[in-house]
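Take a look at the structure set out below.
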Amino acid sequence: MAKYEDLGFCPHNSFTHYMMEHEGSANANRALSILGPRIAFMVYDKGVCTYNGDPYVVDAICGATDTTGIEIATAIKILDPICKYPDKGLKLSCYDTISPYQIPGIRSNGDKWTLPADDDNSFLFEDERYLTVIVKDEEEILLYFWKK
């Protein structure tokens, strides 16, 4: 069960399906362990979810070929340290983008992506498959994914 099913598509069950279909790696299992109940707070309520494959949030975290999925999960946990379903936790609004420039504040410095400010409420991760930006605002955590 997902907390925000009434607001849009919730990828909660997509994590389980992904792990069954792709025989999730040790890194994917570790990332899901770090996320814990936070996956039940994820929703595509304002952003578009990819419908021609797995939601980017799921693929970026569980399909990472290195530790990027663990790093994304850790950043989410840092921004929402106390999460207990269904009563305590921040909404995690997900966005699958078709261009990196749809991500607010993103800048390109040649072959490197950056955010304008270095603060404790923003994270940027990049691997060979995804550019991920995580931003905490007053009410929620925003998760932006661009699939390369």
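Convention: chains lettered A, B, ... in structure tokens order; per-chain residue numbering from 1; ligands numbered from 1 as shown.
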
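The residues of segment 81-124 of chain A that DSSP classifies as strand (DSSP E), using the backbone of this structure, are Lys91, Leu92, Ser93, Cys94, Tyr95, Asp96, Thr97, Arg107, Ser108, Asn109, Lys112, Trp113, Thr114, Ser122, Phe123 and Leu124 of chain A.
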
At a cut-off of 7 Å, can you tabulate as a tab-separated table every residue of segment 8-71 of chain A near segment 92-108 of chain A together with its closest atom pair and the distance in Å to one decimal, using only C-alpha atoms and ordering rows by chain then number?
```
residue	atom	partner	partner_atom	distance
A:Phe41	CA	A:Leu92	CA	5.7
A:Met42	CA	A:Leu92	CA	4.5
A:Val43	CA	A:Ser93	CA	5.2
A:Tyr44	CA	A:Cys94	CA	5.0
A:Asp45	CA	A:Ser93	CA	6.5
A:Gly47	CA	A:Tyr95	CA	4.4
A:Val48	CA	A:Asp96	CA	5.8
A:Cys49	CA	A:Asp96	CA	5.4
A:Thr50	CA	A:Asp96	CA	6.3
A:Tyr56	CA	A:Asp96	CA	6.0
```

- Item | Nearest residue to Thr67 of chain A from the set A:Ile141, A:Asp120, A:Asn29, A:Gly110 (distances using only C-alpha atoms) |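 Using only C-alpha atoms, the shortest distance to Thr67 of chain A belongs to A:Asn29.
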
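Using only C-alpha atoms, the nearest neighbour of Ala2 of chain A within the list A:Cys83, A:Ile39, A:Leu131, A:Ala117 is A:Ile39.
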
- Task: Output as a ChimeraX atom specification all residues of segment 27-91 of chain A that backbone DSSP marks as alpha helix (DSSP H).
- Result: /A:27-35,56-62,68-79
